[in-house]
Amino acid sequence: MIRFENVTKEYRLTRTRSIVALENINLEINRGEFVSVIGPSGSGKSTFLALASLLDKQTNGEIHLNGKRTSLLKDKDRTNLRYELCGFIFQFASLTPALPVIDNVMLPLLLRGEQRKNLEERARTLLSDVGIKEEYVYHQPYQLSGGEQRRVAVARALLKRPAILFADEPTSALDEATAKDLIQLFREINKQGTTIVMVTHNKTLAKEGSGLLEIKNGKFTKR
Ligand code: ADP
């Protein structure tokens with residue numbers, strides 16, 4: 001599903017200075033895997049997610065996504081491929097405060113010009129699947145707990161049926177029980193066929209997936 005071939009990412013700081021965030025990475029994540037990415041702060045985890053999800057471009061090497069050599073794609077085709085394949089959950093739920101829960105779930109697709117009436121039923125089903133009670137559907141995000149807000153963000157990411165779900169520390173600032181619940185939800189989503197790539201600081205939660213990628217000094221080991 002995701003294959004890195006000799007991938008290097010260098011950030012240019014000034015004309016003469018740059019930082020190598022990832023160096024010569026080779027790895028493969030297969031369809032249906034649930035991979036946790038761990039490593040110290042500054043080791044390149046976010047850079048890895050940004051490259052794998054085509055949000056950013058590598059300096060050298062090739063990234064294959066769903067069998068496509070992405071370095072050959074035009075910007076427009078990269079954006080479309082990302083839209084087709086990738087769902088995102090960020091560190092904080094990042095819901096839009098002024099919109100009811102269900103509108104938050106539909107917002108990314110509404111912004112792409114999809115019709116509300118075609119999205120609403122699936123949005124409701126997803127909210128129920130992730131454990132949001134029916135009566136909360138028209139609540140504002142602030143009326144929900146932190147764990148519930150993350151669940152809404154999961155429903156939002158799943159609305160377009162992504163083949164890969166990228167999650168950047170999805171359990172940050174959640175208590176242990178709520179974090180475990182969220183990971184259980186990820187497991188269910190994974191069982192239904194979605195490949196999951198999750199960055200986490202939490203070593204216990206990292207072991208809940210089917211694979212572990214450990215990154216140190218811009219190098220990965222897969223366990
Ligand atoms: P992590 O997610 O593991 O904390 P990052 O991928 O954010 O690590 O960062 C890896 C390295 O690349 C760090 O040294 C960081 O300072 C550097 N870096 C990340 N993003 C940028 C950027 N946009 N410009 C310059 N350096 C960056």
# chains A, B, ... in the order shown; residues from 1 in each chain; ligands from 1

$ residues_near_ligand --ligand "ligand 1" --cutoff "7 Å" --atoms "only C-alpha atoms and all ligand atoms" --output "compact mmCIF listing (two decimals) with C-alpha atoms, in the first residue's frame"
# COMPACT_ATOMS: atom_id res chain seq x y z
CA TYR A 11 14.58 20.73 4.90
CA ARG A 12 16.50 23.70 3.60
CA LEU A 13 16.91 26.30 6.36
CA ILE A 19 18.43 19.47 8.07
CA VAL A 20 18.15 15.87 6.94
CA ALA A 21 14.93 14.70 8.62
CA GLY A 39 10.37 7.51 18.17
CA PRO A 40 11.69 10.48 20.13
CA SER A 41 10.54 14.00 19.43
CA GLY A 42 12.28 15.43 16.36
CA SER A 43 13.08 11.98 14.94
CA GLY A 44 11.04 12.47 11.78
CA LYS A 45 7.64 10.92 12.55
CA SER A 46 5.57 13.85 11.28
CA THR A 47 7.83 14.18 8.26
CA PHE A 48 7.21 10.51 7.52

$ select_by_dssp --residues "stretch 1-222 of chain A" --states "helix (DSSP H, G or I)" --output "PyMOL selection string"
chain A and resi 45-52+70-72+75-85+101-111+116-129+134-136+141-143+146-158+176-191+203-206

$ closest_residue --among "A:Leu51, A:Ile102, A:Leu127, A:Ile38" --to "A:Glu10" --atoms "only C-alpha atoms"
A:Leu51

$ residues_around --residues "A:Asn26" --least-positions-apart "4" --cutoff "8 Å" --atoms "only C-alpha atoms" --output "list in words"
Arg3, Phe4, Glu5, Asn6 and Val7 of chain A

$ select_by_dssp --residues "stretch 62-164 of chain A" --states "strand (DSSP E)" --output "number ranges by chain"
A: 62-65, 68-69, 86-89, 164

$ residues_around --residues "A:Leu109" --least-positions-apart "3" --cutoff "12 Å" --atoms "only C-alpha atoms" --output "PDB file with N, CA and C atoms, in the first residue's frame"
ATOM      1  N   TYR A  83      -6.632  12.674  -1.945  1.00  0.00           N
ATOM      2  CA  TYR A  83      -8.056  12.775  -1.631  1.00  0.00           C
ATOM      3  C   TYR A  83      -8.741  11.407  -1.737  1.00  0.00           C
ATOM      4  N   GLU A  84      -8.374  10.643  -2.760  1.00  0.00           N
ATOM      5  CA  GLU A  84      -8.985   9.322  -2.972  1.00  0.00           C
ATOM      6  C   GLU A  84      -8.622   8.339  -1.863  1.00  0.00           C
ATOM      7  N   GLY A  87      -7.215   9.410   4.725  1.00  0.00           N
ATOM      8  CA  GLY A  87      -7.985  10.122   5.736  1.00  0.00           C
ATOM      9  C   GLY A  87      -7.024  10.538   6.840  1.00  0.00           C
ATOM     10  N   ASP A 103     -22.319  18.501  10.836  1.00  0.00           N
ATOM     11  CA  ASP A 103     -21.737  19.357   9.789  1.00  0.00           C
ATOM     12  C   ASP A 103     -20.214  19.266   9.805  1.00  0.00           C
ATOM     13  N   ASN A 104     -19.652  19.096  11.010  1.00  0.00           N
ATOM     14  CA  ASN A 104     -18.206  18.915  11.103  1.00  0.00           C
ATOM     15  C   ASN A 104     -17.778  17.661  10.346  1.00  0.00           C
ATOM     16  N   VAL A 105     -18.571  16.616  10.476  1.00  0.00           N
ATOM     17  CA  VAL A 105     -18.230  15.354   9.795  1.00  0.00           C
ATOM     18  C   VAL A 105     -18.270  15.538   8.272  1.00  0.00           C
ATOM     19  N   MET A 106     -19.237  16.318   7.808  1.00  0.00           N
ATOM     20  CA  MET A 106     -19.434  16.445   6.355  1.00  0.00           C
ATOM     21  C   MET A 106     -18.582  17.543   5.723  1.00  0.00           C
ATOM     22  N   ARG A 112     -15.568  20.232  -0.934  1.00  0.00           N
ATOM     23  CA  ARG A 112     -15.185  19.743  -2.260  1.00  0.00           C
ATOM     24  C   ARG A 112     -16.364  19.713  -3.214  1.00  0.00           C
ATOM     25  N   GLY A 113     -17.473  20.275  -2.765  1.00  0.00           N
ATOM     26  CA  GLY A 113     -18.610  20.457  -3.661  1.00  0.00           C
ATOM     27  C   GLY A 113     -19.611  19.318  -3.649  1.00  0.00           C
ATOM     28  N   GLU A 114     -19.470  18.388  -2.684  1.00  0.00           N
ATOM     29  CA  GLU A 114     -20.460  17.309  -2.637  1.00  0.00           C
ATOM     30  C   GLU A 114     -21.752  17.805  -1.990  1.00  0.00           C
ATOM     31  N   GLN A 115     -22.839  17.153  -2.342  1.00  0.00           N
ATOM     32  CA  GLN A 115     -24.157  17.580  -1.878  1.00  0.00           C
ATOM     33  C   GLN A 115     -24.463  17.038  -0.483  1.00  0.00           C
ATOM     34  N   ARG A 116     -24.958  17.950   0.335  1.00  0.00           N
ATOM     35  CA  ARG A 116     -25.306  17.597   1.708  1.00  0.00           C
ATOM     36  C   ARG A 116     -26.235  16.383   1.791  1.00  0.00           C
ATOM     37  N   LYS A 117     -27.251  16.375   0.918  1.00  0.00           N
ATOM     38  CA  LYS A 117     -28.247  15.293   0.997  1.00  0.00           C
ATOM     39  C   LYS A 117     -27.630  13.914   0.686  1.00  0.00           C
ATOM     40  N   ASN A 118     -26.520  13.913  -0.057  1.00  0.00           N
ATOM     41  CA  ASN A 118     -25.862  12.633  -0.366  1.00  0.00           C
ATOM     42  C   ASN A 118     -24.939  12.156   0.745  1.00  0.00           C
ATOM     43  N   LEU A 119     -24.664  13.051   1.699  1.00  0.00           N
ATOM     44  CA  LEU A 119     -23.682  12.706   2.735  1.00  0.00           C
ATOM     45  C   LEU A 119     -24.318  12.421   4.087  1.00  0.00           C
ATOM     46  N   GLU A 120     -25.513  13.004   4.281  1.00  0.00           N
ATOM     47  CA  GLU A 120     -26.067  13.071   5.632  1.00  0.00           C
ATOM     48  C   GLU A 120     -26.314  11.702   6.266  1.00  0.00           C
ATOM     49  N   ALA A 123     -23.085  10.051   7.234  1.00  0.00           N
ATOM     50  CA  ALA A 123     -22.477  10.768   8.362  1.00  0.00           C
ATOM     51  C   ALA A 123     -23.131  10.326   9.679  1.00  0.00           C
ATOM     52  N   ARG A 156     -15.344  11.911  10.735  1.00  0.00           N
ATOM     53  CA  ARG A 156     -15.047  12.856   9.644  1.00  0.00           C
ATOM     54  C   ARG A 156     -14.004  12.266   8.681  1.00  0.00           C
ATOM     55  N   ALA A 157     -12.979  11.635   9.248  1.00  0.00           N
ATOM     56  CA  ALA A 157     -11.925  11.054   8.400  1.00  0.00           C
ATOM     57  C   ALA A 157     -12.446   9.872   7.589  1.00  0.00           C
ATOM     58  N   LEU A 158     -13.456   9.172   8.136  1.00  0.00           N
ATOM     59  CA  LEU A 158     -13.921   7.947   7.471  1.00  0.00           C
ATOM     60  C   LEU A 158     -14.999   8.194   6.422  1.00  0.00           C
ATOM     61  N   LEU A 159     -15.556   9.402   6.422  1.00  0.00           N
ATOM     62  CA  LEU A 159     -16.722   9.654   5.559  1.00  0.00           C
ATOM     63  C   LEU A 159     -16.440   9.328   4.094  1.00  0.00           C
ATOM     64  N   LYS A 160     -15.241   9.621   3.642  1.00  0.00           N
ATOM     65  CA  LYS A 160     -14.964   9.358   2.221  1.00  0.00           C
ATOM     66  C   LYS A 160     -14.381   7.964   1.981  1.00  0.00           C
ATOM     67  N   ARG A 161     -14.486   7.104   2.980  1.00  0.00           N
ATOM     68  CA  ARG A 161     -13.986   5.721   2.889  1.00  0.00           C
ATOM     69  C   ARG A 161     -12.520   5.667   2.463  1.00  0.00           C
TER      70      ARG A 161
END

$ atom_distance --atom1 "atom CA of A:Phe88" --atom2 "atom CA of A:Ile183"
14.9 Å

$ residues_around --residues "A:Leu185" --least-positions-apart "5" --cutoff "12 Å" --atoms "only C-alpha atoms" --output "JSON, numbers by chain"
{"A": [126, 129, 130, 131, 147, 148, 150, 151, 152, 154, 155, 158, 170, 171, 178, 179, 180, 190, 191, 192, 194, 196, 208, 209]}

$ atom_distance --atom1 "atom CA of A:Glu121" --atom2 "atom CA of A:Ile189"
18.7 Å

$ closest_residue --among "A:Leu54, A:Arg122, A:Ala167, A:Val197" --to "A:Asp77" --atoms "only C-alpha atoms"
A:Leu54

$ residues_around --residues "A:Pro97" --least-positions-apart "3" --cutoff "9 Å" --atoms "only C-alpha atoms" --output "compact mmCIF listing (two decimals) with all heavy atoms, in the first residue's frame"
# COMPACT_ATOMS: atom_id res chain seq x y z
N SER A 94 -9.57 19.17 16.27
CA SER A 94 -9.69 20.29 15.34
C SER A 94 -11.05 20.36 14.65
O SER A 94 -11.15 20.44 13.44
CB SER A 94 -8.55 20.29 14.30
OG SER A 94 -8.50 19.08 13.60
N PRO A 100 -22.49 22.38 14.06
CA PRO A 100 -22.91 21.19 14.77
C PRO A 100 -22.07 19.97 14.36
O PRO A 100 -21.44 19.97 13.30
CB PRO A 100 -24.37 21.00 14.36
CG PRO A 100 -24.64 21.95 13.28
CD PRO A 100 -23.54 22.96 13.24
N ASN A 104 -19.65 19.10 11.01
CA ASN A 104 -18.21 18.91 11.10
C ASN A 104 -17.78 17.66 10.35
O ASN A 104 -16.75 17.66 9.67
CB ASN A 104 -17.79 18.79 12.57
CG ASN A 104 -17.31 20.11 13.13
OD1 ASN A 104 -16.21 20.54 12.83
ND2 ASN A 104 -18.16 20.77 13.91
N GLN A 140 -23.14 21.30 19.54
CA GLN A 140 -21.90 21.97 19.15
C GLN A 140 -20.74 21.16 19.73
O GLN A 140 -20.89 20.52 20.78
CB GLN A 140 -21.85 23.39 19.73
CG GLN A 140 -23.00 24.29 19.37
CD GLN A 140 -23.09 24.55 17.88
OE1 GLN A 140 -24.05 24.15 17.25
NE2 GLN A 140 -22.11 25.20 17.31
N PRO A 141 -19.57 21.19 19.08
CA PRO A 141 -18.44 20.39 19.57
C PRO A 141 -18.11 20.60 21.05
O PRO A 141 -17.78 19.65 21.76
CB PRO A 141 -17.28 20.84 18.68
CG PRO A 141 -17.92 21.28 17.43
CD PRO A 141 -19.25 21.86 17.82
N TYR A 142 -18.22 21.86 21.56
CA TYR A 142 -17.81 22.10 22.95
C TYR A 142 -18.70 21.37 23.95
O TYR A 142 -18.34 21.20 25.12
CB TYR A 142 -17.78 23.61 23.26
CG TYR A 142 -19.13 24.24 23.46
CD1 TYR A 142 -19.74 24.26 24.72
CD2 TYR A 142 -19.82 24.80 22.38
CE1 TYR A 142 -21.00 24.82 24.90
CE2 TYR A 142 -21.08 25.36 22.55
CZ TYR A 142 -21.66 25.36 23.81
OH TYR A 142 -22.90 25.89 23.98
